[in-house]
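Listing of data.cif; format and content: mmCIF, C-alpha atoms and all ligand atoms.
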data_my_file
loop_
_atom_site.label_atom_id
_atom_site.label_comp_id
_atom_site.auth_asym_id
_atom_site.auth_seq_id
_atom_site.Cartn_x
_atom_site.Cartn_y
_atom_site.Cartn_z
CA MET A 5 0.00 0.00 0.00
CA TRP A 6 1.53 3.32 -1.12
CA ASP A 7 0.75 6.43 0.90
CA VAL A 8 0.39 8.46 -2.29
CA ILE A 9 0.34 7.59 -5.98
CA VAL A 10 1.14 10.59 -8.15
CA VAL A 11 -0.09 10.34 -11.75
CA GLY A 12 2.14 12.49 -13.97
CA ALA A 13 5.84 13.36 -13.68
CA GLY A 14 5.90 16.93 -14.95
CA PRO A 15 6.86 19.86 -12.69
CA ALA A 16 3.62 19.49 -10.65
CA GLY A 17 3.91 15.75 -9.98
CA LEU A 18 7.67 15.81 -9.36
CA SER A 19 7.50 18.76 -7.02
CA ALA A 20 4.78 17.03 -4.97
CA ALA A 21 6.72 13.75 -4.94
CA LEU A 22 9.91 15.49 -3.79
CA LEU A 23 8.22 17.11 -0.79
CA LEU A 24 6.28 13.94 0.07
CA GLY A 25 9.50 11.91 -0.14
CA ARG A 26 11.23 14.36 2.17
CA ALA A 27 8.22 14.02 4.51
CA ARG A 28 8.95 10.27 4.63
CA ARG A 29 5.81 9.20 2.78
CA ARG A 30 5.80 6.09 0.56
CA VAL A 31 5.30 7.64 -2.86
CA LEU A 32 4.99 6.14 -6.34
CA VAL A 33 4.97 8.30 -9.47
CA ILE A 34 3.44 6.82 -12.64
CA ASP A 35 4.07 8.68 -15.90
CA SER A 36 3.19 8.03 -19.54
CA GLY A 37 6.07 10.15 -20.92
CA GLU A 38 4.04 12.73 -22.86
CA PRO A 39 4.81 16.09 -21.22
CA ARG A 40 3.02 19.09 -22.64
CA ASN A 41 6.25 20.93 -23.47
CA LYS A 42 8.08 18.04 -25.12
CA VAL A 43 8.79 20.13 -28.25
CA ALA A 44 10.09 23.13 -26.27
CA ARG A 45 13.81 23.85 -26.28
CA SER A 46 13.82 25.54 -22.89
CA VAL A 47 11.74 26.24 -19.81
CA ASN A 48 11.85 30.02 -19.52
CA GLY A 49 10.92 32.02 -16.46
CA PHE A 50 11.65 29.23 -13.98
CA LEU A 51 13.47 31.06 -11.18
CA GLY A 52 16.96 29.69 -10.64
CA ALA A 53 16.78 27.52 -13.77
CA ASP A 54 15.67 29.98 -16.50
CA GLY A 55 16.29 28.41 -19.91
CA VAL A 56 16.86 24.86 -18.64
CA SER A 57 15.83 22.16 -21.12
CA PRO A 58 12.46 20.53 -20.24
CA HIS A 59 14.09 17.11 -20.41
CA GLU A 60 16.87 18.14 -18.02
CA LEU A 61 14.40 19.68 -15.54
CA ARG A 62 12.37 16.45 -15.43
CA ALA A 63 15.49 14.24 -15.25
CA ARG A 64 16.93 16.33 -12.38
CA GLY A 65 13.56 16.21 -10.65
CA ARG A 66 13.38 12.42 -10.87
CA GLU A 67 16.93 12.06 -9.59
CA GLN A 68 16.21 14.33 -6.62
CA CYS A 69 12.98 12.44 -5.81
CA ARG A 70 14.78 9.07 -5.93
CA ALA A 71 17.19 10.30 -3.24
CA PHE A 72 14.19 10.38 -0.87
CA GLY A 73 12.87 6.93 -1.78
CA VAL A 74 10.24 7.94 -4.34
CA GLY A 75 9.45 5.10 -6.76
CA PHE A 76 8.81 5.54 -10.51
CA VAL A 77 6.87 3.50 -13.04
CA ASP A 78 6.75 4.32 -16.75
CA GLY A 79 3.22 3.64 -17.93
CA ARG A 80 -0.26 5.03 -18.49
CA VAL A 81 -2.85 4.90 -15.75
CA ILE A 82 -6.04 3.71 -17.44
CA ASP A 83 -8.36 3.18 -14.49
CA VAL A 84 -8.78 4.22 -10.87
CA ARG A 85 -11.28 2.95 -8.37
CA SER A 86 -12.18 3.92 -4.88
CA HIS A 87 -11.72 0.80 -2.77
CA PRO A 88 -13.75 -0.38 0.18
CA VAL A 89 -12.07 1.07 3.26
CA GLU A 90 -9.16 -1.13 4.25
CA ALA A 91 -6.87 -1.29 7.26
CA GLY A 92 -8.94 1.39 8.94
CA TRP A 93 -7.96 4.15 6.49
CA PRO A 94 -10.77 6.49 5.47
CA THR A 95 -9.73 6.44 1.79
CA CYS A 96 -8.09 3.83 -0.38
CA PHE A 97 -7.70 3.65 -4.18
CA GLU A 98 -6.80 1.00 -6.73
CA VAL A 99 -4.82 2.28 -9.70
CA GLN A 100 -4.51 0.26 -12.91
CA THR A 101 -1.88 0.80 -15.57
CA ALA A 102 -2.11 -0.14 -19.26
CA ASP A 103 0.03 -3.26 -18.68
CA GLY A 104 -2.78 -4.64 -16.49
CA GLN A 105 -0.98 -4.16 -13.14
CA THR A 106 -2.88 -2.70 -10.20
CA ARG A 107 -1.47 -0.85 -7.21
CA GLU A 108 -3.11 0.50 -4.08
CA CYS A 109 -2.69 3.80 -2.31
CA ARG A 110 -4.27 5.83 0.46
CA LYS A 111 -4.24 9.12 -1.49
CA LEU A 112 -4.12 10.09 -5.15
CA LEU A 113 -2.64 13.12 -6.86
CA PHE A 114 -3.41 13.81 -10.52
CA ALA A 115 -0.75 15.99 -12.15
CA THR A 116 -1.62 15.01 -15.68
CA GLY A 117 -1.37 18.37 -17.48
CA VAL A 118 -3.18 19.45 -20.64
CA ARG A 119 -2.77 19.05 -24.42
CA ASP A 120 -2.66 22.06 -26.73
CA THR A 121 -4.84 22.08 -29.83
CA LEU A 122 -2.64 23.31 -32.67
CA PRO A 123 -4.07 25.39 -35.53
CA ASP A 124 -4.57 23.19 -38.59
CA ILE A 125 -2.10 25.00 -40.87
CA PRO A 126 0.33 23.06 -43.10
CA GLY A 127 3.93 23.70 -42.00
CA LEU A 128 2.99 24.84 -38.49
CA VAL A 129 3.80 21.62 -36.62
CA GLU A 130 7.37 21.67 -37.95
CA CYS A 131 7.87 25.15 -36.44
CA TYR A 132 6.22 24.38 -33.08
CA GLY A 133 8.59 25.09 -30.21
CA ILE A 134 11.05 26.93 -32.49
CA THR A 135 9.19 29.89 -34.03
CA VAL A 136 5.60 28.88 -33.29
CA HIS A 137 4.47 29.18 -29.66
CA HIS A 138 1.37 29.66 -27.58
CA CYS A 139 2.68 31.74 -24.66
CA PRO A 140 4.29 35.20 -25.06
CA TYR A 141 5.50 35.11 -21.44
CA CYS A 142 7.40 31.88 -22.13
CA ASP A 143 8.80 32.69 -25.58
CA GLY A 144 8.14 36.38 -26.35
CA TRP A 145 11.56 37.56 -25.19
CA GLU A 146 13.37 35.33 -27.70
CA HIS A 147 11.43 37.03 -30.56
CA ARG A 148 11.35 40.59 -29.23
CA ASP A 149 11.22 43.40 -31.81
CA ARG A 150 10.63 40.90 -34.64
CA VAL A 151 7.55 40.55 -36.85
CA LEU A 152 5.06 38.56 -34.78
CA ALA A 153 1.70 37.13 -35.83
CA ALA A 154 -1.26 35.99 -33.74
CA VAL A 155 -3.74 33.25 -34.67
CA GLY A 156 -6.77 32.38 -32.53
CA LYS A 157 -9.83 30.19 -32.40
CA SER A 158 -11.65 33.29 -33.68
CA ALA A 159 -10.61 36.72 -34.92
CA ALA A 160 -11.43 38.14 -31.47
CA ALA A 161 -9.13 35.57 -29.80
CA ALA A 162 -6.34 36.43 -32.27
CA MET A 163 -6.85 40.13 -31.44
CA LYS A 164 -6.59 39.51 -27.71
CA LEU A 165 -3.36 37.56 -28.14
CA ALA A 166 -1.97 40.17 -30.56
CA THR A 167 -2.65 42.93 -28.02
CA THR A 168 -0.56 41.01 -25.47
CA LEU A 169 2.21 40.54 -28.05
CA LEU A 170 2.53 44.33 -28.39
CA GLY A 171 4.48 44.13 -25.14
CA TRP A 172 7.28 42.34 -27.02
CA SER A 173 7.20 43.97 -30.45
CA GLY A 174 5.75 46.95 -32.27
CA MET A 175 5.26 44.83 -35.43
CA VAL A 176 2.33 42.55 -34.66
CA LEU A 177 -0.09 41.07 -37.20
CA VAL A 178 -3.56 39.79 -36.40
CA LEU A 179 -4.28 36.85 -38.72
CA SER A 180 -8.07 36.58 -38.58
CA ASN A 181 -7.92 33.54 -40.90
CA GLY A 182 -11.17 34.42 -42.67
CA ASP A 183 -13.16 35.10 -39.51
CA ALA A 184 -15.06 38.41 -39.39
CA LEU A 185 -13.86 41.04 -36.94
CA ASP A 186 -16.19 43.54 -35.31
CA GLU A 187 -15.69 47.03 -36.86
CA SER A 188 -15.19 48.80 -33.54
CA GLU A 189 -12.62 46.15 -32.53
CA ARG A 190 -10.87 46.67 -35.86
CA THR A 191 -10.67 50.44 -35.39
CA ARG A 192 -9.41 50.05 -31.83
CA ALA A 193 -6.80 47.47 -32.90
CA GLU A 194 -5.49 49.61 -35.71
CA ALA A 195 -5.20 52.55 -33.33
CA THR A 196 -2.86 50.49 -31.13
CA GLY A 197 -0.64 49.74 -34.12
CA LEU A 198 -1.84 46.20 -34.90
CA ARG A 199 -2.07 45.22 -38.57
CA ILE A 200 -5.02 43.01 -39.47
CA LEU A 201 -4.88 40.48 -42.32
CA ASP A 202 -8.26 38.90 -43.08
CA GLU A 203 -7.53 36.25 -45.72
CA PRO A 204 -7.77 32.56 -44.76
CA ILE A 205 -4.30 31.08 -44.16
CA GLN A 206 -3.17 28.45 -46.62
CA SER A 207 0.23 27.40 -45.23
CA ILE A 208 3.46 28.40 -43.55
CA VAL A 209 6.82 28.56 -45.30
CA HIS A 210 9.79 27.75 -43.06
CA GLU A 211 13.39 26.60 -43.10
CA GLN A 212 13.98 23.85 -40.54
CA GLY A 213 11.33 25.27 -38.24
CA HIS A 214 12.34 28.90 -38.75
CA LEU A 215 9.27 30.71 -40.03
CA ARG A 216 9.77 32.77 -43.19
CA GLU A 217 6.29 33.66 -44.45
CA VAL A 218 2.60 32.99 -44.17
CA VAL A 219 0.83 32.14 -47.44
CA PHE A 220 -2.86 33.08 -47.82
CA ASP A 221 -5.59 31.45 -49.91
CA ASP A 222 -5.56 34.34 -52.41
CA GLY A 223 -1.87 33.66 -53.13
CA THR A 224 -0.53 36.70 -51.22
CA THR A 225 2.19 36.25 -48.61
CA THR A 226 3.53 38.13 -45.62
CA ASN A 227 6.87 37.85 -43.83
CA VAL A 228 6.62 36.66 -40.24
CA ASP A 229 9.43 35.81 -37.79
CA ALA A 230 7.33 34.09 -35.11
CA LEU A 231 3.70 33.05 -34.75
CA PHE A 232 1.75 32.73 -31.51
CA PHE A 233 -1.56 30.89 -31.27
CA SER A 234 -4.43 30.45 -28.86
CA THR A 235 -6.64 27.70 -30.23
CA GLY A 236 -7.70 25.76 -27.14
CA GLN A 237 -6.67 22.79 -25.01
CA THR A 238 -7.97 19.39 -24.00
CA ARG A 239 -7.40 17.23 -20.91
CA PRO A 240 -5.35 14.08 -21.59
CA CYS A 241 -6.72 12.31 -18.50
CA GLU A 242 -10.37 12.06 -17.55
CA LEU A 243 -9.90 9.71 -14.62
CA PRO A 244 -10.64 12.33 -11.90
CA GLU A 245 -14.25 12.64 -13.07
CA ARG A 246 -14.58 8.86 -13.11
CA LEU A 247 -13.93 9.06 -9.37
CA GLY A 248 -16.63 11.73 -9.04
CA CYS A 249 -14.54 14.92 -9.23
CA HIS A 250 -16.59 17.95 -10.19
CA ILE A 251 -15.88 19.52 -13.59
CA GLY A 252 -16.07 23.30 -13.26
CA LYS A 253 -15.49 26.27 -15.51
CA ASN A 254 -13.58 25.83 -18.78
CA ASP A 255 -14.10 22.06 -18.57
CA ARG A 256 -11.55 21.80 -15.73
CA VAL A 257 -11.61 19.80 -12.50
CA GLY A 258 -12.55 22.13 -9.65
CA THR A 259 -9.93 22.36 -6.88
CA THR A 260 -9.66 24.00 -3.49
CA ASP A 261 -6.87 26.43 -2.61
CA LYS A 262 -4.95 23.39 -1.28
CA GLN A 263 -5.41 21.51 -4.60
CA GLY A 264 -8.01 19.16 -3.10
CA THR A 265 -11.04 18.04 -5.11
CA CYS A 266 -14.60 17.29 -4.01
CA VAL A 267 -13.58 13.62 -3.63
CA THR A 268 -11.85 13.00 -0.30
CA GLY A 269 -8.28 11.76 -0.79
CA VAL A 270 -8.06 12.92 -4.43
CA PHE A 271 -5.94 15.96 -5.30
CA LEU A 272 -5.08 17.65 -8.59
CA ALA A 273 -2.21 20.05 -9.41
CA GLY A 274 -0.49 21.76 -12.32
CA ASP A 275 -1.87 22.79 -15.71
CA ALA A 276 -4.76 20.31 -15.35
CA ASP A 277 -6.67 22.62 -12.99
CA GLY A 278 -6.81 25.43 -15.54
CA ASP A 279 -5.07 28.09 -13.44
CA THR A 280 -2.09 30.10 -14.73
CA GLN A 281 0.00 27.70 -16.77
CA PHE A 282 3.72 27.95 -16.13
CA ALA A 283 6.14 25.24 -15.05
CA ILE A 284 6.91 27.14 -11.85
CA VAL A 285 3.20 27.52 -11.01
CA ALA A 286 2.68 23.80 -11.64
CA ALA A 287 5.59 23.05 -9.29
CA ALA A 288 4.15 25.37 -6.65
CA GLU A 289 0.74 23.71 -6.90
CA GLY A 290 2.42 20.32 -6.55
CA ALA A 291 4.11 21.55 -3.36
CA THR A 292 0.81 22.89 -2.01
CA ALA A 293 -0.88 19.54 -2.71
CA ALA A 294 1.98 17.66 -1.02
CA VAL A 295 1.53 19.56 2.24
CA ALA A 296 -2.25 19.03 2.21
CA LEU A 297 -1.85 15.33 1.38
CA ASN A 298 0.70 14.84 4.14
CA ASP A 299 -1.51 16.70 6.65
CA GLU A 300 -4.41 14.34 5.83
CA ILE A 301 -2.23 11.26 6.22
CA LEU A 302 -0.70 12.42 9.53
CA LYS A 303 -4.14 13.21 10.91
CA GLU A 304 -5.49 9.80 9.88
CA ASN A 305 -2.44 8.08 11.42
CA ALA A 306 -3.01 9.94 14.70
CA ASP A 307 -6.74 9.10 14.64
CA GLN A 308 -5.99 5.43 14.13
CA LEU A 309 -3.45 5.35 16.99
CA ALA A 310 -5.93 7.13 19.28
CA LYS A 311 -8.65 4.63 18.32
CA ALA A 312 -6.34 1.66 18.94
CA SER A 313 -5.25 2.96 22.37
CA SER A 314 -8.86 3.49 23.47
CA LEU A 315 -9.81 -0.16 22.76
C1 LIG B 401 5.71 24.31 -26.36
C2 LIG B 401 5.56 24.70 -24.91
C3 LIG B 401 6.50 25.55 -24.33
C4 LIG B 401 6.37 25.92 -23.00
N1 LIG B 401 7.30 26.76 -22.48
C5 LIG B 401 7.22 27.11 -21.18
C6 LIG B 401 8.21 27.97 -20.61
O1 LIG B 401 9.14 28.40 -21.28
N2 LIG B 401 8.07 28.28 -19.29
C7 LIG B 401 7.05 27.80 -18.52
O2 LIG B 401 6.99 28.12 -17.32
N3 LIG B 401 6.12 27.00 -19.05
C8 LIG B 401 6.18 26.63 -20.34
N4 LIG B 401 5.22 25.83 -20.89
C9 LIG B 401 4.14 25.36 -20.02
C10 LIG B 401 4.65 24.19 -19.17
O3 LIG B 401 5.14 23.18 -20.03
C11 LIG B 401 3.53 23.65 -18.29
O4 LIG B 401 2.99 24.71 -17.52
C12 LIG B 401 4.04 22.55 -17.36
O5 LIG B 401 4.67 21.53 -18.08
C13 LIG B 401 2.88 21.99 -16.57
O6 LIG B 401 3.33 20.97 -15.74
P1 LIG B 401 2.38 19.78 -15.31
O7 LIG B 401 3.19 18.97 -14.37
O8 LIG B 401 1.07 20.29 -14.88
O9 LIG B 401 2.08 18.97 -16.67
P2 LIG B 401 3.05 18.26 -17.72
O10 LIG B 401 4.40 18.83 -17.69
O11 LIG B 401 2.34 18.28 -19.02
O12 LIG B 401 3.15 16.77 -17.19
C14 LIG B 401 2.01 15.93 -17.17
C15 LIG B 401 2.48 14.49 -17.20
O13 LIG B 401 1.36 13.64 -16.93
C16 LIG B 401 1.50 12.48 -17.73
N5 LIG B 401 0.18 11.84 -17.85
C17 LIG B 401 -0.98 12.37 -18.36
N6 LIG B 401 -1.98 11.45 -18.28
C18 LIG B 401 -1.43 10.33 -17.69
C19 LIG B 401 -1.97 9.05 -17.33
N7 LIG B 401 -3.24 8.75 -17.54
N8 LIG B 401 -1.13 8.15 -16.78
C20 LIG B 401 0.18 8.47 -16.54
N9 LIG B 401 0.73 9.66 -16.85
C21 LIG B 401 -0.08 10.58 -17.42
C22 LIG B 401 2.05 12.99 -19.05
O14 LIG B 401 2.72 11.97 -19.76
C23 LIG B 401 3.01 14.08 -18.58
O15 LIG B 401 4.35 13.58 -18.42
C24 LIG B 401 5.30 25.45 -22.22
C25 LIG B 401 4.35 24.60 -22.81
C26 LIG B 401 4.47 24.24 -24.13
C27 LIG B 401 3.43 23.34 -24.75
#
What's the structure tokens form of this structure?
Amino acid sequence: MWDVIVVGAGPAGLSAALLLGRARRRVLVIDSGEPRNKVARSVNGFLGADGVSPHELRARGREQCRAFGVGFVDGRVIDVRSHPVEAGWPTCFEVQTADGQTRECRKLLFATGVRDTLPDIPGLVECYGITVHHCPYCDGWEHRDRVLAAVGKSAAAAMKLATTLLGWSGMVLVLSNGDALDESERTRAEATGLRILDEPIQSIVHEQGHLREVVFDDGTTTNVDALFFSTGQTRPCELPERLGCHIGKNDRVGTTDKQGTCVTGVFLAGDADGDTQFAIVAAAEGATAAVALNDEILKENADQLAKASSL
């Protein structure tokens, strides 16, 4: 019986596991090896490790966790069940991985992240993580004062993103991709210096991931150095709701300020809860969850000892 099984070994899961390991809990981390930022070259804005490679951050995290006895399994969790109460513990879960193995734990932490929906534009995938990004705060600095373009789910979403990009460059294009833009929005945007291109996008021309130009359906082109998009996300793991977790706004699992869910013993941290999405925030949420998880376990241990001594 593990004290805690952590599903997901990104910054959120590893940060929780590190603290729980240091708190002498028996912790197992199960990870399917598909981190959100696998195409990124660096994790920017992570205090003390700005620019570290995502792979190195995760590898260092695993190594540090192992020093405190945390166990790791590579695999996908495909099912979780709340178990009948065993050994006097108020909560107990059975976790099944794709290889058919099951493991038991007293508490569960989901740190399973999100998946980004990429715009369906030929050539874009090849540039993703190099000159195509979703977050100006993560990658804006590297493309400062260059020609930037914004693409959204709608023209209004592209406009919103483009307005943010003005913080990094004075040459920002709104690519409405054929979607109509409200006239007052258009006037306001142009007053702030944004340039709006309305034609549907046909493809992206690049050299080994370095964006050169955007080609439109009418055959015209425009030079662009970097493109930012905001076209939505999905959740890669729907197991929390199978356990009864409440799905709140933006299709995200609702959490408390201690990363708890409405199901006792089940916690959720990192990008998966829909809050601000940075590696350092995910790590902080993992740490918050770890303290709350450990508090619950210590309280239950004390309750059980008190019960035993009163018999
Ligand atoms: C291209 C790109 C660049 C980015 N750049 C930056 C940046 O520069 N700075 C920054 O702060 N942030 C950046 N981010 C955001 C950052 O990557 C995330 O905020 C961070 O990774 C979130 O951590 P997490 O632990 O919540 O999720 P993740 O890092 O996505 O980890 C989730 C883990 O859960 C695993 N998992 C999911 N479902 C299961 C399951 N059922 N069973 C087992 N394992 C499962 C996945 O395999 C994955 O390893 C970037 C994101 C992208 C996409």
Here CA of Lys164 (chain A) and CA of Gly144 (chain A) stand apart by 15.1 Å
Quick one: residues within 6 Å of Asp35 (chain A), only C-alpha atoms, excluding same-chain residues fewer than 4 positions away - as a ChimeraX atom specification? /A:12-13,78-79
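With distances restricted to all atoms listed in the file, A:Thr238 is the closest residue to ligand LIG 401 (chain B) from A:Thr238, A:Ser207, A:Thr196, A:Thr260.
Proximity to Thr292 (chain A) was assessed for A:Thr259, A:Thr235, A:Gln308, A:Thr135 counting all atoms listed in the file; the smallest distance is recorded for A:Thr259.
For the choices A:Val270, A:Val228, A:Val209, A:Ala291, the atom-to-atom distance to ligand LIG 401 (chain B) is smallest for A:Ala291 when using all atoms listed in the file.
Between CA of Ala63 (chain A) and CA of Pro15 (chain A) the interatomic distance comes to 10.6 Å.
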Here's a test: counting only C-alpha atoms, identify every protein, DNA and RNA residue with an atom at most 10 Å from (0.2, 22.3, -6.6) in the file's coordinate frame, and state them as JSON, numbers by chain. {"A": [15, 16, 17, 19, 20, 113, 115, 261, 262, 263, 264, 271, 272, 273, 274, 275, 277, 284, 285, 286, 287, 288, 289, 290, 291, 292, 293, 294, 295, 296]}
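Atom pair CA of Leu18 (chain A) / CA of Val267 (chain A): separated by 22.1 Å.
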Mind checking which residues fall within 6 Å of Val11 (chain A), counting all atoms listed in the file, ignoring those fewer than 3 positions away in the same chain, and posting them as a ChimeraX atom specification? /A:33-34,114-115
File of the preceding selection, C-alpha atoms, as a PDB file, in the coordinates of the input:
ATOM      1  CA  VAL A  33       4.970   8.300  -9.470  1.00  0.00           C
ATOM      2  CA  ILE A  34       3.440   6.820 -12.640  1.00  0.00           C
ATOM      3  CA  PHE A 114      -3.410  13.810 -10.520  1.00  0.00           C
ATOM      4  CA  ALA A 115      -0.750  15.990 -12.150  1.00  0.00           C
TER       5      ALA A 115
END
Skipping near chain neighbours, those fewer than 3 positions away, what residues fall within 8 Å of Leu177 (chain A) using only C-alpha atoms, listed as a list in words? Val151, Leu152, Ala153, Ala154, Ala166, Leu198, Arg199, Ile200 and Leu201 of chain A
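If all atoms listed in the file are the atoms counted, then among A:Thr224, A:Gln100, A:Asn41, A:Ser86 the closest residue to ligand LIG 401 (chain B) is A:Asn41.
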Nearest to Thr168 (chain A) by atom-to-atom distance, counting all atoms listed in the file, from A:Ser234, A:Ser313, A:Asn48, A:Gln105: A:Ser234
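Residue nearest ligand LIG 401 (chain B) within the list A:Arg80, A:Arg70, A:Arg110, A:His214: A:Arg80 [criterion: smallest interatomic distance, all atoms listed in the file].
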So which residues touch region 123-128 of chain A within 12 Å, counting all atoms listed in the file, skipping near sequence neighbours fewer than 6 positions away, as a PyMOL selection string? chain A and resi 134-138+154-158+162+179+181+204-221+230-237
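All protein, DNA and RNA residues at most 8 Å from (2.9, 12.6, -19.7) are Gly12, Ala13, Gly14, Asp35, Ser36, Gly37, Glu38, Pro39, Arg40, Thr116 and Gly117 of chain A, using all atoms listed in the file.
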Taking only all heavy atoms, show region 52-59 of chain A of the given structure as a JSON list (two decimals), in the first residue's frame.
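Result written to decode_8.json:
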[["chain", "number", "residue", "atom", "x", "y", "z"],
["A", 52, "GLY", "N", 15.80, 30.51, -11.01],
["A", 52, "GLY", "CA", 16.96, 29.69, -10.64],
["A", 52, "GLY", "C", 17.34, 28.70, -11.72],
["A", 52, "GLY", "O", 18.41, 28.08, -11.64],
["A", 53, "ALA", "N", 16.46, 28.48, -12.71],
["A", 53, "ALA", "CA", 16.78, 27.52, -13.77],
["A", 53, "ALA", "C", 16.25, 28.05, -15.11],
["A", 53, "ALA", "O", 15.89, 27.27, -15.98],
["A", 53, "ALA", "CB", 16.18, 26.16, -13.45],
["A", 54, "ASP", "N", 16.21, 29.38, -15.27],
["A", 54, "ASP", "CA", 15.67, 29.98, -16.50],
["A", 54, "ASP", "C", 16.42, 29.42, -17.72],
["A", 54, "ASP", "O", 17.65, 29.42, -17.74],
["A", 54, "ASP", "CB", 15.85, 31.51, -16.43],
["A", 54, "ASP", "CG", 15.21, 32.20, -17.61],
["A", 54, "ASP", "OD1", 14.03, 31.92, -17.90],
["A", 54, "ASP", "OD2", 15.90, 33.01, -18.26],
["A", 55, "GLY", "N", 15.67, 28.91, -18.69],
["A", 55, "GLY", "CA", 16.29, 28.41, -19.91],
["A", 55, "GLY", "C", 16.72, 26.95, -19.86],
["A", 55, "GLY", "O", 17.25, 26.41, -20.83],
["A", 56, "VAL", "N", 16.47, 26.28, -18.74],
["A", 56, "VAL", "CA", 16.86, 24.86, -18.64],
["A", 56, "VAL", "C", 16.04, 24.06, -19.66],
["A", 56, "VAL", "O", 14.92, 24.43, -20.00],
["A", 56, "VAL", "CB", 16.59, 24.36, -17.19],
["A", 56, "VAL", "CG1", 15.10, 24.37, -16.85],
["A", 56, "VAL", "CG2", 17.16, 22.96, -16.98],
["A", 57, "SER", "N", 16.61, 22.96, -20.17],
["A", 57, "SER", "CA", 15.83, 22.16, -21.12],
["A", 57, "SER", "C", 14.75, 21.40, -20.34],
["A", 57, "SER", "O", 14.99, 20.96, -19.21],
["A", 57, "SER", "CB", 16.73, 21.21, -21.90],
["A", 57, "SER", "OG", 16.81, 19.96, -21.25],
["A", 58, "PRO", "N", 13.54, 21.24, -20.94],
["A", 58, "PRO", "CA", 12.46, 20.53, -20.24],
["A", 58, "PRO", "C", 12.89, 19.13, -19.83],
["A", 58, "PRO", "O", 12.59, 18.66, -18.73],
["A", 58, "PRO", "CB", 11.34, 20.46, -21.28],
["A", 58, "PRO", "CG", 11.63, 21.55, -22.25],
["A", 58, "PRO", "CD", 13.11, 21.74, -22.26],
["A", 59, "HIS", "N", 13.65, 18.47, -20.71],
["A", 59, "HIS", "CA", 14.09, 17.11, -20.41],
["A", 59, "HIS", "C", 15.01, 17.11, -19.18],
["A", 59, "HIS", "O", 14.87, 16.27, -18.28],
["A", 59, "HIS", "CB", 14.82, 16.53, -21.63],
["A", 59, "HIS", "CG", 15.45, 15.21, -21.34],
["A", 59, "HIS", "ND1", 14.71, 14.06, -21.24],
["A", 59, "HIS", "CD2", 16.73, 14.87, -21.05],
["A", 59, "HIS", "CE1", 15.52, 13.06, -20.94],
["A", 59, "HIS", "NE2", 16.75, 13.52, -20.81]]
